[in-house]
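Engineer: Mind having a look at this structure? Questions to follow.
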Amino acid sequence: MGCNCNNFVVPTPNQMIKGAQGLSKLVMGKNNTDELTIQLRRDVCRNCEFSTKNQSLLTSPCKGLTAYSQCEKCACFIKYKTMLTTEQCPLNKWGVV
């Protein structure tokens, strides 16, 4: 299920390269973080005004985040960025999470 919003964030070429590198690391099992950290990061993103969310009742268990939810600041796909140990929130909202 995708995001019911028209605010798809178009990444810059550099963001696209960084995203491809991150996805490659996930596929290879490199730099993957633990489940607790992933959940803590996603909870921060769920409450962030810069993350795209789906307001459909079907996404209520995920509180609006879907596989297509993006950060409007860095254009990342939140689901995948939160899974990498080496990634940071562009607004430093993850803190020491």
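Residue numbers start at 1 in each chain; chains themselves are named A, B, ... in the order of the structure tokens; ligands are numbered from 1 in the order shown.
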Stretch 82-88 of chain A: which residues within 6 Å, counting only C-alpha atoms, same-chain residues fewer than 2 positions away excluded, as a list of chain:residue names?
Structural biologist: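 Counting only C-alpha atoms, the residues come to A:Asn31, A:Asn32, A:Thr33, A:Ile38, A:Ile78, A:Lys79, A:Tyr80.
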Engineer: So which residues of chain A fall under helix (DSSP H, G or I) by DSSP, listed as an NGL selection string?
Structural biologist: :A and (13-28 or 35-46 or 57-62 or 78-81)
Engineer: Check the DSSP output for the backbone and give back, as JSON, numbers by chain, the residues of stretch 21-80 of chain A in strand (DSSP E or B).
Structural biologist: {"A": [32, 51, 70, 71, 77]}
Engineer: To one decimal in Å, tell me the separation between atom CA of A:Pro11 and atom CA of A:Ser24.
Structural biologist: 17.4 Å
Engineer: Using only C-alpha atoms, determine which residues lie at most 10 Å from A:Val10, disregarding the query and same-chain residues fewer than 6 positions distant; provide the list as a list in words.
Structural biologist: Met16, Gln70, Glu72, Cys74, Ala75 and Cys76 of chain A
Engineer: Take the residues from that selection and write them out as a PDB file, in the first residue's frame, keeping N, CA and C atoms.
Structural biologist:
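So result_13.pdb came out as:
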ATOM      1  N   MET A  16      20.277  10.003  -4.477  1.00  0.00           N
ATOM      2  CA  MET A  16      19.980   8.729  -5.132  1.00  0.00           C
ATOM      3  C   MET A  16      21.160   7.767  -5.010  1.00  0.00           C
ATOM      4  N   GLN A  70       8.555   8.842   3.197  1.00  0.00           N
ATOM      5  CA  GLN A  70       9.840   9.487   2.980  1.00  0.00           C
ATOM      6  C   GLN A  70      10.055  10.631   3.952  1.00  0.00           C
ATOM      7  N   GLU A  72      11.032  14.408   4.086  1.00  0.00           N
ATOM      8  CA  GLU A  72      11.023  15.535   3.158  1.00  0.00           C
ATOM      9  C   GLU A  72      12.333  16.318   3.184  1.00  0.00           C
ATOM     10  N   CYS A  74      15.632  14.765   3.567  1.00  0.00           N
ATOM     11  CA  CYS A  74      16.740  14.069   2.892  1.00  0.00           C
ATOM     12  C   CYS A  74      16.263  13.156   1.765  1.00  0.00           C
ATOM     13  N   ALA A  75      14.953  13.040   1.574  1.00  0.00           N
ATOM     14  CA  ALA A  75      14.325  12.240   0.514  1.00  0.00           C
ATOM     15  C   ALA A  75      14.498  10.733   0.705  1.00  0.00           C
ATOM     16  N   CYS A  76      14.944  10.297   1.887  1.00  0.00           N
ATOM     17  CA  CYS A  76      15.132   8.863   2.122  1.00  0.00           C
ATOM     18  C   CYS A  76      13.785   8.171   2.266  1.00  0.00           C
TER      19      CYS A  76
END
Engineer: Using only C-alpha atoms for the distances, tell me which of A:Lys81, A:Lys25, A:Lys30, A:Lys73 is nearest to A:Ser51.
Structural biologist: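 Checking each candidate against A:Ser51, we get A:Lys73 as the closest.
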